[in-house]
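Text of the file model14.cif, holding mmCIF, C-alpha atoms:
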```
data_upload
loop_
_atom_site.label_atom_id
_atom_site.label_comp_id
_atom_site.auth_asym_id
_atom_site.auth_seq_id
_atom_site.Cartn_x
_atom_site.Cartn_y
_atom_site.Cartn_z
CA MET A 21 -0.37 -8.64 -7.95
CA SER A 22 2.79 -8.97 -9.98
CA ALA A 23 3.15 -6.38 -12.71
CA LYS A 24 6.24 -6.90 -14.84
CA LEU A 25 7.22 -3.57 -16.32
CA LEU A 26 9.03 -5.02 -19.28
CA PRO A 27 7.83 -8.50 -20.22
CA ARG A 28 10.36 -9.69 -22.77
CA LEU A 29 7.58 -11.06 -24.98
CA ILE A 30 5.95 -7.62 -25.29
CA LEU A 31 9.29 -6.03 -26.07
CA LEU A 32 10.11 -8.58 -28.75
CA ILE A 33 6.64 -8.33 -30.29
CA SER A 34 7.18 -4.58 -30.55
CA LEU A 35 10.51 -5.15 -32.26
CA PHE A 36 9.04 -7.79 -34.58
CA PHE A 37 6.89 -5.17 -36.29
CA LEU A 38 9.52 -2.42 -36.37
CA PRO A 39 11.46 -3.85 -39.36
CA ARG A 40 8.24 -3.76 -41.42
CA ILE A 41 7.94 -0.04 -40.81
CA TYR A 42 11.42 0.67 -42.11
CA ALA A 43 11.62 -2.01 -44.82
CA ALA A 44 10.75 0.44 -47.54
CA ARG A 45 13.31 2.96 -46.29
CA ASN A 46 16.33 0.74 -45.65
CA PRO A 47 18.07 -1.90 -47.74
CA VAL A 48 18.69 -5.28 -46.13
CA ASP A 49 21.61 -5.02 -43.70
CA ALA A 50 23.24 -8.24 -42.56
CA ASP A 51 24.52 -6.69 -39.32
CA LEU A 52 21.06 -5.36 -38.52
CA GLU A 53 19.50 -8.78 -39.08
CA ALA A 54 22.21 -10.36 -36.93
CA SER A 55 21.44 -7.87 -34.16
CA GLN A 56 17.75 -8.78 -34.28
CA ARG A 57 18.53 -12.51 -34.17
CA ALA A 58 20.82 -11.94 -31.18
CA LEU A 59 18.04 -10.06 -29.35
CA PHE A 60 15.59 -12.88 -29.94
CA SER A 61 18.09 -15.43 -28.65
CA GLY A 62 18.96 -13.32 -25.59
CA ASN A 63 22.55 -12.70 -26.66
CA TYR A 64 22.62 -9.02 -25.72
CA PRO A 65 26.38 -8.34 -26.02
CA GLU A 66 26.26 -9.65 -29.59
CA ALA A 67 23.15 -7.58 -30.35
CA ILE A 68 24.97 -4.48 -29.10
CA GLU A 69 28.05 -5.27 -31.18
CA TYR A 70 26.12 -5.72 -34.44
CA SER A 71 23.94 -2.65 -33.84
CA THR A 72 27.01 -0.54 -33.12
CA ARG A 73 28.53 -1.64 -36.43
CA VAL A 74 25.44 -0.38 -38.24
CA ILE A 75 25.45 2.93 -36.35
CA ARG A 76 29.09 3.56 -37.27
CA ARG A 77 28.08 3.29 -40.93
CA ASP A 78 24.66 4.92 -40.68
CA ARG A 79 23.78 7.28 -37.83
CA SER A 80 20.22 7.57 -39.15
CA SER A 81 19.32 3.90 -38.58
CA VAL A 82 16.31 3.92 -36.25
CA LEU A 83 16.37 0.15 -36.00
CA ALA A 84 20.02 0.00 -34.95
CA TYR A 85 19.47 2.46 -32.10
CA THR A 86 16.28 0.62 -31.14
CA TYR A 87 17.92 -2.82 -31.09
CA ARG A 88 20.90 -1.56 -29.13
CA GLY A 89 18.66 0.33 -26.71
CA THR A 90 16.64 -2.82 -26.19
CA ALA A 91 19.77 -4.84 -25.45
CA TYR A 92 20.92 -2.20 -22.96
CA THR A 93 17.46 -2.32 -21.36
CA GLU A 94 17.67 -6.07 -20.90
CA GLN A 95 21.09 -5.57 -19.29
CA GLN A 96 19.60 -2.86 -17.04
CA ARG A 97 22.02 -0.28 -18.40
CA TRP A 98 19.37 2.40 -18.19
CA ASP A 99 21.35 5.51 -19.14
CA LEU A 100 22.66 3.91 -22.34
CA ALA A 101 19.22 2.56 -23.22
CA LEU A 102 17.66 5.98 -22.67
CA LYS A 103 20.24 7.62 -24.90
CA ASP A 104 19.61 5.17 -27.74
CA PHE A 105 15.81 5.32 -27.57
CA SER A 106 15.93 9.12 -27.43
CA LYS A 107 18.09 9.13 -30.55
CA ALA A 108 15.69 6.77 -32.30
CA ILE A 109 12.77 9.03 -31.38
CA SER A 110 14.61 12.09 -32.71
CA LEU A 111 14.85 10.25 -36.04
CA ASP A 112 11.18 9.18 -36.04
CA THR A 113 9.03 11.37 -33.78
CA GLU A 114 5.72 9.69 -34.61
CA ASN A 115 6.59 6.08 -33.81
CA GLY A 116 4.55 5.07 -30.77
CA ARG A 117 6.56 1.91 -30.13
CA LEU A 118 9.70 3.95 -29.56
CA TYR A 119 7.97 6.10 -26.94
CA TYR A 120 6.70 2.91 -25.29
CA LEU A 121 10.21 1.46 -25.04
CA ARG A 122 11.63 4.70 -23.63
CA ALA A 123 8.71 4.93 -21.18
CA ILE A 124 9.67 1.50 -19.85
CA VAL A 125 13.22 2.71 -19.26
CA TYR A 126 12.03 5.87 -17.52
CA THR A 127 9.81 3.69 -15.32
CA ARG A 128 12.72 1.48 -14.35
CA MET A 129 14.78 4.58 -13.57
CA GLY A 130 12.07 5.86 -11.24
CA ARG A 131 11.33 8.87 -13.44
CA ALA A 132 7.56 8.54 -13.33
CA GLN A 133 6.63 11.92 -14.81
CA LYS A 134 8.77 11.31 -17.90
CA ALA A 135 7.40 7.78 -18.21
CA ILE A 136 3.80 8.98 -18.03
CA LYS A 137 4.47 11.51 -20.80
CA ASP A 138 5.98 8.83 -23.04
CA PHE A 139 3.16 6.35 -22.40
CA SER A 140 0.74 9.16 -23.30
CA LYS A 141 2.63 9.76 -26.57
CA THR A 142 2.51 6.03 -27.25
CA ILE A 143 -1.26 6.12 -26.85
CA ILE A 144 -1.51 9.08 -29.27
CA HIS A 145 0.57 7.42 -31.97
CA GLU A 146 -0.14 3.73 -31.27
CA PRO A 147 -3.43 3.42 -29.31
CA GLY A 148 -3.42 -0.31 -29.93
CA ILE A 149 -0.56 -0.89 -27.46
CA LEU A 150 -2.86 -1.67 -24.55
CA ASP A 151 0.00 -2.11 -22.10
CA SER A 152 0.65 1.64 -22.32
CA TYR A 153 -2.68 2.31 -20.61
CA TYR A 154 -1.93 -0.31 -17.97
CA GLN A 155 1.60 0.89 -17.22
CA ARG A 156 0.45 4.51 -17.14
CA ALA A 157 -2.28 3.52 -14.67
CA LEU A 158 0.27 1.97 -12.30
CA LEU A 159 2.40 5.10 -12.41
CA LEU A 160 -0.61 7.34 -11.84
CA LEU A 161 -1.56 5.20 -8.84
CA GLY A 162 1.92 5.71 -7.41
CA TRP A 163 1.38 9.44 -7.79
CA GLY A 164 -1.99 9.30 -6.06
CA LYS A 165 -3.89 10.15 -9.28
CA VAL A 166 -6.48 7.51 -8.51
CA ASP A 167 -9.31 8.61 -10.79
CA LYS A 168 -7.03 8.99 -13.83
CA ALA A 169 -5.54 5.57 -13.11
CA LEU A 170 -9.02 4.09 -12.87
CA ASN A 171 -9.94 5.54 -16.26
CA ASP A 172 -6.93 3.81 -17.84
CA LEU A 173 -7.70 0.52 -16.13
CA ILE A 174 -11.31 0.61 -17.31
CA ILE A 175 -10.03 0.98 -20.88
CA VAL A 176 -7.69 -1.98 -20.34
CA THR A 177 -10.35 -4.34 -19.00
CA ASN A 178 -12.99 -3.22 -21.52
CA ILE A 179 -10.67 -4.01 -24.41
CA ASP A 180 -9.18 -7.11 -22.79
CA PRO A 181 -11.74 -8.78 -20.48
CA ALA A 182 -9.13 -11.40 -19.57
CA HIS A 183 -6.71 -8.86 -18.05
CA ALA A 184 -6.57 -10.15 -14.46
CA ASP A 185 -4.09 -7.50 -13.27
CA GLY A 186 -6.33 -4.76 -14.61
CA TYR A 187 -9.27 -6.04 -12.59
CA PHE A 188 -7.02 -6.40 -9.54
CA TYR A 189 -5.94 -2.78 -9.57
CA GLU A 190 -9.47 -1.59 -10.27
CA ALA A 191 -10.50 -3.51 -7.16
CA THR A 192 -7.80 -1.89 -5.03
CA ILE A 193 -8.98 1.55 -6.15
CA TYR A 194 -12.61 0.80 -5.31
CA ALA A 195 -11.51 -0.52 -1.91
CA SER A 196 -9.56 2.69 -1.26
CA LYS A 197 -12.72 4.65 -2.07
CA GLY A 198 -14.68 2.62 0.48
CA ASP A 199 -16.80 0.82 -2.13
CA TYR A 200 -16.12 -2.64 -0.75
CA ASP A 201 -18.89 -4.41 -2.65
CA LEU A 202 -17.55 -3.21 -5.99
CA ALA A 203 -13.99 -3.97 -4.91
CA LEU A 204 -14.95 -7.55 -4.06
CA SER A 205 -16.67 -8.01 -7.41
CA TYR A 206 -13.48 -6.97 -9.23
CA TYR A 207 -11.25 -9.15 -7.03
CA ASN A 208 -13.61 -11.99 -7.92
CA LYS A 209 -13.14 -11.24 -11.64
CA ALA A 210 -9.37 -11.22 -11.22
CA LEU A 211 -9.47 -14.55 -9.38
CA THR A 212 -11.79 -16.12 -11.93
CA ILE A 213 -9.18 -15.38 -14.59
CA ASN A 214 -6.19 -16.22 -12.39
CA PRO A 215 -7.29 -18.47 -9.50
CA ASP A 216 -3.68 -19.03 -8.40
CA SER A 217 -2.86 -15.44 -7.44
CA PRO A 218 -1.87 -15.27 -3.75
CA THR A 219 -1.83 -11.47 -3.91
CA ALA A 220 -5.44 -11.27 -5.10
CA TYR A 221 -6.55 -13.56 -2.25
CA LEU A 222 -4.57 -11.41 0.20
CA TYR A 223 -6.18 -8.18 -0.92
CA ARG A 224 -9.64 -9.67 -1.15
CA GLY A 225 -9.12 -10.86 2.41
CA LYS A 226 -8.12 -7.34 3.45
CA THR A 227 -11.36 -6.05 1.95
CA PHE A 228 -13.37 -8.59 3.92
CA MET A 229 -11.53 -7.33 7.02
CA LEU A 230 -12.71 -3.80 6.25
CA ARG A 231 -16.25 -5.17 6.19
CA SER A 232 -15.63 -6.92 9.54
CA GLU A 233 -16.10 -10.31 7.85
CA TYR A 234 -13.18 -11.84 9.67
CA ARG A 235 -14.00 -15.50 9.18
CA THR A 236 -14.31 -15.02 5.42
CA ALA A 237 -11.10 -13.00 5.39
CA LEU A 238 -9.38 -15.84 7.23
CA ARG A 239 -10.22 -18.25 4.42
CA ASP A 240 -8.65 -15.92 1.86
CA PHE A 241 -5.48 -15.49 3.93
CA ASN A 242 -5.25 -19.27 4.32
CA LYS A 243 -5.56 -19.66 0.55
CA ALA A 244 -2.89 -17.02 -0.07
CA ILE A 245 -0.51 -18.85 2.27
CA SER A 246 -1.26 -22.20 0.62
CA LEU A 247 -0.34 -20.69 -2.75
CA LYS A 248 2.77 -18.89 -1.50
CA SER A 249 4.57 -20.44 1.43
CA GLY A 250 6.21 -17.98 3.76
CA TYR A 251 3.94 -15.14 2.57
CA LEU A 252 4.61 -12.84 5.54
CA ASP A 253 2.03 -10.20 4.59
CA ALA A 254 -0.63 -12.90 4.56
CA PHE A 255 0.53 -14.23 7.95
CA ASN A 256 0.39 -10.69 9.37
CA ASN A 257 -3.14 -10.18 8.11
CA ARG A 258 -4.24 -13.65 9.18
CA ALA A 259 -2.99 -12.80 12.66
CA MET A 260 -5.27 -9.77 12.70
CA ALA A 261 -8.25 -11.83 11.52
CA HIS A 262 -7.62 -14.25 14.40
CA TYR A 263 -7.25 -11.26 16.73
CA PHE A 264 -10.64 -9.80 15.85
CA LEU A 265 -12.16 -13.26 16.20
CA LYS A 266 -10.59 -13.31 19.70
CA GLU A 267 -8.46 -16.30 18.73
CA TYR A 268 -5.47 -14.84 20.50
CA THR A 269 -3.24 -17.92 20.58
CA ALA A 270 -3.56 -18.41 16.81
CA SER A 271 -2.90 -14.71 16.29
CA LEU A 272 0.23 -14.83 18.44
CA ASN A 273 1.50 -17.91 16.61
CA ASP A 274 1.24 -16.15 13.25
CA LEU A 275 2.97 -13.01 14.50
CA ASN A 276 5.76 -15.03 16.10
CA TYR A 277 6.26 -16.82 12.79
CA VAL A 278 6.55 -13.51 10.94
CA LEU A 279 9.12 -12.22 13.42
CA ASP A 280 11.08 -15.47 13.31
CA CYS A 281 11.37 -14.94 9.54
CA ASP A 282 11.89 -11.18 9.65
CA ILE A 283 13.28 -9.81 12.89
CA GLU A 284 12.67 -6.21 11.77
CA ASN A 285 9.06 -6.54 10.59
CA VAL A 286 7.58 -3.36 12.06
CA GLN A 287 3.96 -4.25 11.34
CA ALA A 288 4.28 -7.56 13.15
CA TYR A 289 5.76 -5.87 16.24
CA LEU A 290 2.93 -3.32 16.23
CA ASN A 291 0.31 -6.03 15.84
CA ARG A 292 1.87 -8.21 18.53
CA GLY A 293 2.20 -5.22 20.86
CA ASN A 294 -1.51 -4.51 20.47
CA LEU A 295 -2.28 -8.18 21.08
CA TYR A 296 -0.21 -8.08 24.27
CA ILE A 297 -2.18 -5.03 25.46
CA THR A 298 -5.45 -6.88 24.85
CA THR A 299 -4.19 -9.90 26.79
CA GLU A 300 -2.83 -7.62 29.55
CA ARG A 301 0.83 -8.46 28.92
CA TYR A 302 1.80 -4.81 29.16
CA GLY A 303 5.52 -5.32 29.71
CA ASP A 304 5.73 -7.43 26.55
CA ALA A 305 3.73 -4.78 24.67
CA ILE A 306 6.18 -2.08 25.78
CA SER A 307 9.08 -4.23 24.59
CA ASP A 308 7.52 -4.64 21.14
CA PHE A 309 6.73 -0.95 20.72
CA SER A 310 10.24 -0.11 21.91
CA ARG A 311 11.62 -2.45 19.26
CA VAL A 312 9.64 -0.59 16.59
CA ILE A 313 11.08 2.72 17.80
CA LEU A 314 14.61 1.31 17.61
CA ILE A 315 13.99 0.21 14.02
CA ASP A 316 12.37 3.49 13.01
CA PRO A 317 12.13 6.34 15.54
CA ASN A 318 9.62 8.22 13.35
CA ILE A 319 6.65 5.85 13.67
CA ALA A 320 4.15 7.86 15.69
CA VAL A 321 1.79 5.01 16.52
CA ALA A 322 4.55 3.13 18.34
CA TYR A 323 4.97 6.02 20.80
CA ASN A 324 1.21 6.36 21.27
CA ASN A 325 0.69 2.66 21.88
CA ARG A 326 3.65 2.45 24.24
CA ALA A 327 2.16 5.37 26.19
CA TYR A 328 -1.11 3.49 26.39
CA ALA A 329 0.69 0.37 27.63
CA TYR A 330 2.46 2.43 30.32
CA LEU A 331 -0.95 3.70 31.46
CA ARG A 332 -2.46 0.23 31.60
CA MET A 333 0.54 -1.15 33.47
CA GLY A 334 0.22 1.58 36.10
CA SER A 335 3.68 3.00 35.43
CA ASP A 336 4.66 6.59 36.07
CA ALA A 337 2.31 8.61 33.84
CA GLY A 338 5.26 10.87 33.05
CA TYR A 339 6.68 8.18 30.76
CA ALA A 340 3.34 7.92 29.01
CA LEU A 341 3.10 11.70 28.60
CA GLN A 342 6.58 11.87 27.09
CA ASP A 343 5.68 9.19 24.56
CA VAL A 344 2.31 10.58 23.52
CA ASN A 345 3.79 14.05 23.15
CA LYS A 346 6.30 12.54 20.71
CA ALA A 347 3.50 10.78 18.83
CA ILE A 348 1.58 14.03 18.40
CA LYS A 349 4.73 15.88 17.35
CA LEU A 350 5.23 13.29 14.60
CA ASP A 351 1.56 13.19 13.57
CA GLY A 352 -0.82 15.75 15.00
CA LYS A 353 -3.89 14.64 13.06
CA GLN A 354 -4.75 11.40 14.85
CA ALA A 355 -7.73 11.58 17.19
CA SER A 356 -6.58 8.52 19.13
CA TYR A 357 -3.33 10.25 20.13
CA TYR A 358 -5.19 13.17 21.72
CA ASP A 359 -7.48 10.67 23.42
CA THR A 360 -4.40 8.95 24.89
CA ARG A 361 -2.95 12.25 26.05
CA GLY A 362 -6.30 13.21 27.53
CA GLU A 363 -6.30 10.00 29.52
CA VAL A 364 -2.71 10.64 30.65
CA TYR A 365 -3.63 14.09 31.94
CA TYR A 366 -6.68 12.57 33.63
CA GLN A 367 -4.41 10.09 35.43
CA LEU A 368 -2.17 13.00 36.45
CA GLY A 369 -5.18 14.87 37.85
CA GLU A 370 -4.75 17.70 35.32
CA TYR A 371 -8.41 17.73 34.31
CA ASN A 372 -8.46 20.95 32.31
CA HIS A 373 -5.55 19.74 30.17
CA ALA A 374 -7.35 16.41 29.82
CA LEU A 375 -10.48 18.20 28.64
CA GLN A 376 -8.57 20.22 26.05
CA ASN A 377 -7.08 17.07 24.53
CA LEU A 378 -10.32 15.10 24.58
CA ASN A 379 -12.13 18.00 22.91
CA LYS A 380 -9.46 17.93 20.21
CA ALA A 381 -9.88 14.17 19.78
CA ILE A 382 -13.63 14.57 19.30
CA ARG A 383 -13.17 17.42 16.83
CA LEU A 384 -10.95 15.13 14.77
CA ASP A 385 -13.30 12.14 15.11
CA SER A 386 -16.83 12.85 16.28
CA THR A 387 -17.67 9.13 16.47
CA MET A 388 -14.84 8.10 18.81
CA ALA A 389 -16.55 6.34 21.70
CA ALA A 390 -13.40 6.17 23.87
CA ALA A 391 -12.91 9.95 23.74
CA TYR A 392 -16.51 10.56 24.90
CA TYR A 393 -16.03 8.04 27.70
CA HIS A 394 -12.79 9.62 28.88
CA ARG A 395 -14.29 13.09 28.66
CA ALA A 396 -17.24 11.86 30.76
CA LEU A 397 -14.76 10.69 33.39
CA THR A 398 -13.12 14.10 33.30
CA TYR A 399 -16.43 15.96 33.55
CA ARG A 400 -17.30 13.81 36.58
CA GLU A 401 -14.12 14.92 38.32
CA LEU A 402 -14.97 18.52 37.49
CA GLY A 403 -18.45 18.07 38.96
CA LYS A 404 -20.19 18.44 35.59
CA THR A 405 -22.57 15.48 35.82
CA LYS A 406 -24.96 16.65 33.09
CA GLN A 407 -22.15 16.94 30.53
CA ALA A 408 -20.76 13.58 31.65
CA MET A 409 -24.14 11.86 31.13
CA ARG A 410 -24.46 13.43 27.69
CA ASP A 411 -21.02 12.14 26.71
CA LEU A 412 -21.80 8.65 27.99
CA ALA A 413 -24.91 8.57 25.82
CA LEU A 414 -22.75 9.44 22.81
CA ALA A 415 -20.13 6.87 23.84
CA ARG A 416 -22.82 4.21 23.97
CA ARG A 417 -24.15 5.28 20.55
CA TYR A 418 -20.79 4.93 18.84
CA ASP A 419 -19.43 1.97 20.80
CA ASN A 420 -19.14 -1.38 19.05
CA GLU A 421 -17.25 -3.34 21.70
CA GLU A 422 -19.16 -5.38 24.25
CA GLU A 423 -16.53 -4.98 26.98
CA PHE A 424 -16.42 -1.20 26.54
CA THR A 425 -20.22 -1.02 26.70
CA SER A 426 -20.05 -2.59 30.14
CA LYS A 427 -17.64 0.16 31.33
CA ILE A 428 -19.97 2.84 29.97
CA ASP A 429 -22.97 1.32 31.75
CA GLN A 430 -21.04 1.06 35.02
CA LEU A 431 -20.12 4.75 34.88
CA ILE A 432 -23.71 5.71 34.09
CA SER A 433 -24.89 3.75 37.12
CA LEU A 434 -22.24 5.41 39.30
CA LEU A 435 -23.25 8.89 38.14
CA GLU A 436 -26.92 8.15 38.75
CA THR A 437 -26.08 6.94 42.29
CA GLU A 438 -24.00 10.06 42.97
CA THR A 439 -26.76 12.32 41.63
CA TYR A 440 -29.47 10.84 43.80
#
```

Just give me the structure of the file as structure tokens.
Amino acid sequence: MSAKLLPRLILLISLFFLPRIYAARNPVDADLEASQRALFSGNYPEAIEYSTRVIRRDRSSVLAYTYRGTAYTEQQRWDLALKDFSKAISLDTENGRLYYLRAIVYTRMGRAQKAIKDFSKTIIHEPGILDSYYQRALLLLGWGKVDKALNDLIIVTNIDPAHADGYFYEATIYASKGDYDLALSYYNKALTINPDSPTAYLYRGKTFMLRSEYRTALRDFNKAISLKSGYLDAFNNRAMAHYFLKEYTASLNDLNYVLDCDIENVQAYLNRGNLYITTERYGDAISDFSRVILIDPNIAVAYNNRAYAYLRMGSDAGYALQDVNKAIKLDGKQASYYDTRGEVYYQLGEYNHALQNLNKAIRLDSTMAAAYYHRALTYRELGKTKQAMRDLALARRYDNEEEFTSKIDQLISLLETETY
């Protein structure tokens, strides 16, 4: 969802009311009026020139510093804009509009903490500037202060029920909290107000994916692409919807399109690599994960998935072990990585090491069916049939893949035959 940090209309509306505030304090100044006219017409060099003339005569002119700061802002000359707005604030410390304008500059400069403080001061002095709540919410989101951001967004949408962007970001927060029903209701509100937002369709589609409603998600990704041609994020996500629907050719076509447009799209390589594993094209999967590692050698999942592809291809397990060790070094909190390493050690016949890693995987994720299955295989090799059967029962409980269920049942039958 597009969120313009400094819509020129908002800025000019703010300036439109500033002269009223100072009318009683300042006589009419032709240069000051000329500066304002230049701002409204978009002639920023002229606005700067006239404002500077005023400042040379009167270093207490709040309006002159404000107009010049605004012109510098429009020219993206952030340091100069910051200096002028700070001077204006020093001359009038209770003017909320001045804090708002400086907050915008701080935001553009990437100084979020300073921007948040200024938006907060704007709200204290000028609570009617609703955009201050909205902009502060976006900054708080970037800082991970989700609940505080949500509070600001609720204020925005309560006061302005037609604020589509406010509903959009509320929806993303609810989705991040796992409340997908509420998230969908807010995406629906955003789309009712702005039915031509490709981003809202994309994120609503992502939420449907989280609910495993892949066909519905597919419709939203299609809509996003129809509204924004070449929308690579939508193509990437549509590929995954096709993948989960087992429409592998359509998934591959979308991923190929993304990579034709962006040869360094890491997510597309990861997705295509996983697709190649599913379709048993292990060499191609290894190539894609290797490409990811060349682009960014610090992406742990690429090493883990390449290790898995090496295992499936029947390559030397030493290569797989080297890769999964690297994955765990980069990110030691992922259960799936320990599951992979457990399987590698199993293939190497190092069953005690396998058991240690699979135990770790299950401690990190007690519902991971694959880890229970691989631990059952390991227990079988160690002659611990009772523990293996217990793990297979847990694997079956947590499994949600038909093909994997068949492997579990086959191992149960084998254990029963060996027992009797």

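Atom to atom, CA of Leu384 in chain A and CA of Asp359 in chain A stand 10.3 Å apart.
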
* Point-to-point distance in Å for CA of Ala108 in chain A and CA of Arg131 in chain A ->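 CA of Arg131 in chain A sits 19.5 Å away from CA of Ala108 in chain A.
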
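Restricting the calculation to all atoms listed in the file, the smallest distance between Thr192 in chain A and any of A:Gln155, A:Thr387, A:Thr219, A:Thr212 is found for A:Thr219.
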
* For this file, the PyMOL selection byres ((chain A and resi 183) around 12) selects which residues, as an MDAnalysis selection string? -> chainID A and resid 21 23 150:151 154 173:182 184:190 206:207 209:214

Residue by residue, what does the PyMOL selection byres ((chain A and resi 319) around 12) grab here? Present the result as a PDB file with C-alpha atoms, in the frame of the given file.
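Contents of result.pdb, freshly written:
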```
ATOM      1  CA  VAL A 286       7.580  -3.360  12.060  1.00  0.00           C
ATOM      2  CA  GLN A 287       3.960  -4.250  11.340  1.00  0.00           C
ATOM      3  CA  LEU A 290       2.930  -3.320  16.230  1.00  0.00           C
ATOM      4  CA  PHE A 309       6.730  -0.950  20.720  1.00  0.00           C
ATOM      5  CA  SER A 310      10.240  -0.110  21.910  1.00  0.00           C
ATOM      6  CA  ARG A 311      11.620  -2.450  19.260  1.00  0.00           C
ATOM      7  CA  VAL A 312       9.640  -0.590  16.590  1.00  0.00           C
ATOM      8  CA  ILE A 313      11.080   2.720  17.800  1.00  0.00           C
ATOM      9  CA  LEU A 314      14.610   1.310  17.610  1.00  0.00           C
ATOM     10  CA  ILE A 315      13.990   0.210  14.020  1.00  0.00           C
ATOM     11  CA  ASP A 316      12.370   3.490  13.010  1.00  0.00           C
ATOM     12  CA  PRO A 317      12.130   6.340  15.540  1.00  0.00           C
ATOM     13  CA  ASN A 318       9.620   8.220  13.350  1.00  0.00           C
ATOM     14  CA  ALA A 320       4.150   7.860  15.690  1.00  0.00           C
ATOM     15  CA  VAL A 321       1.790   5.010  16.520  1.00  0.00           C
ATOM     16  CA  ALA A 322       4.550   3.130  18.340  1.00  0.00           C
ATOM     17  CA  TYR A 323       4.970   6.020  20.800  1.00  0.00           C
ATOM     18  CA  ASN A 324       1.210   6.360  21.270  1.00  0.00           C
ATOM     19  CA  ASN A 325       0.690   2.660  21.880  1.00  0.00           C
ATOM     20  CA  ARG A 326       3.650   2.450  24.240  1.00  0.00           C
ATOM     21  CA  ASP A 343       5.680   9.190  24.560  1.00  0.00           C
ATOM     22  CA  VAL A 344       2.310  10.580  23.520  1.00  0.00           C
ATOM     23  CA  LYS A 346       6.300  12.540  20.710  1.00  0.00           C
ATOM     24  CA  ALA A 347       3.500  10.780  18.830  1.00  0.00           C
ATOM     25  CA  ILE A 348       1.580  14.030  18.400  1.00  0.00           C
ATOM     26  CA  LYS A 349       4.730  15.880  17.350  1.00  0.00           C
ATOM     27  CA  LEU A 350       5.230  13.290  14.600  1.00  0.00           C
ATOM     28  CA  ASP A 351       1.560  13.190  13.570  1.00  0.00           C
TER      29      ASP A 351
END
```

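Distances to Arg224 in chain A were evaluated for A:Tyr339, A:Tyr371, A:Tyr277, A:Tyr194 using all atoms listed in the file, and the minimum falls at A:Tyr194.
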
* Asked: Which is closer to Leu252 in chain A than all the others in A:Ile283, A:Leu331, A:Ala390, A:Leu378, using all atoms listed in the file?
  -> A:Ile283

Would you write out, as a PDB file with C-alpha atoms, in the coordinates of the input, every residue that the PyMOL selection byres ((chain A and resi 113-129) around 8) captures in this file?
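Okay, this is what ended up in expr37.pdb:
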```
ATOM      1  CA  LEU A  25       7.220  -3.570 -16.320  1.00  0.00           C
ATOM      2  CA  LEU A  26       9.030  -5.020 -19.280  1.00  0.00           C
ATOM      3  CA  LEU A  31       9.290  -6.030 -26.070  1.00  0.00           C
ATOM      4  CA  SER A  34       7.180  -4.580 -30.550  1.00  0.00           C
ATOM      5  CA  THR A  86      16.280   0.620 -31.140  1.00  0.00           C
ATOM      6  CA  THR A  90      16.640  -2.820 -26.190  1.00  0.00           C
ATOM      7  CA  THR A  93      17.460  -2.320 -21.360  1.00  0.00           C
ATOM      8  CA  TRP A  98      19.370   2.400 -18.190  1.00  0.00           C
ATOM      9  CA  ALA A 101      19.220   2.560 -23.220  1.00  0.00           C
ATOM     10  CA  LEU A 102      17.660   5.980 -22.670  1.00  0.00           C
ATOM     11  CA  PHE A 105      15.810   5.320 -27.570  1.00  0.00           C
ATOM     12  CA  SER A 106      15.930   9.120 -27.430  1.00  0.00           C
ATOM     13  CA  ALA A 108      15.690   6.770 -32.300  1.00  0.00           C
ATOM     14  CA  ILE A 109      12.770   9.030 -31.380  1.00  0.00           C
ATOM     15  CA  SER A 110      14.610  12.090 -32.710  1.00  0.00           C
ATOM     16  CA  LEU A 111      14.850  10.250 -36.040  1.00  0.00           C
ATOM     17  CA  ASP A 112      11.180   9.180 -36.040  1.00  0.00           C
ATOM     18  CA  GLY A 130      12.070   5.860 -11.240  1.00  0.00           C
ATOM     19  CA  ARG A 131      11.330   8.870 -13.440  1.00  0.00           C
ATOM     20  CA  ALA A 132       7.560   8.540 -13.330  1.00  0.00           C
ATOM     21  CA  LYS A 134       8.770  11.310 -17.900  1.00  0.00           C
ATOM     22  CA  ALA A 135       7.400   7.780 -18.210  1.00  0.00           C
ATOM     23  CA  ILE A 136       3.800   8.980 -18.030  1.00  0.00           C
ATOM     24  CA  LYS A 137       4.470  11.510 -20.800  1.00  0.00           C
ATOM     25  CA  ASP A 138       5.980   8.830 -23.040  1.00  0.00           C
ATOM     26  CA  PHE A 139       3.160   6.350 -22.400  1.00  0.00           C
ATOM     27  CA  LYS A 141       2.630   9.760 -26.570  1.00  0.00           C
ATOM     28  CA  THR A 142       2.510   6.030 -27.250  1.00  0.00           C
ATOM     29  CA  ILE A 143      -1.260   6.120 -26.850  1.00  0.00           C
ATOM     30  CA  ILE A 144      -1.510   9.080 -29.270  1.00  0.00           C
ATOM     31  CA  HIS A 145       0.570   7.420 -31.970  1.00  0.00           C
ATOM     32  CA  GLU A 146      -0.140   3.730 -31.270  1.00  0.00           C
ATOM     33  CA  SER A 152       0.650   1.640 -22.320  1.00  0.00           C
TER      34      SER A 152
END
```

* To do: Using CA of Asn379 in chain A and CA of Ala396 in chain A as the two end points, give the distance in Å to one decimal.
  =>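 Distance between the two atoms: 11.2 Å.
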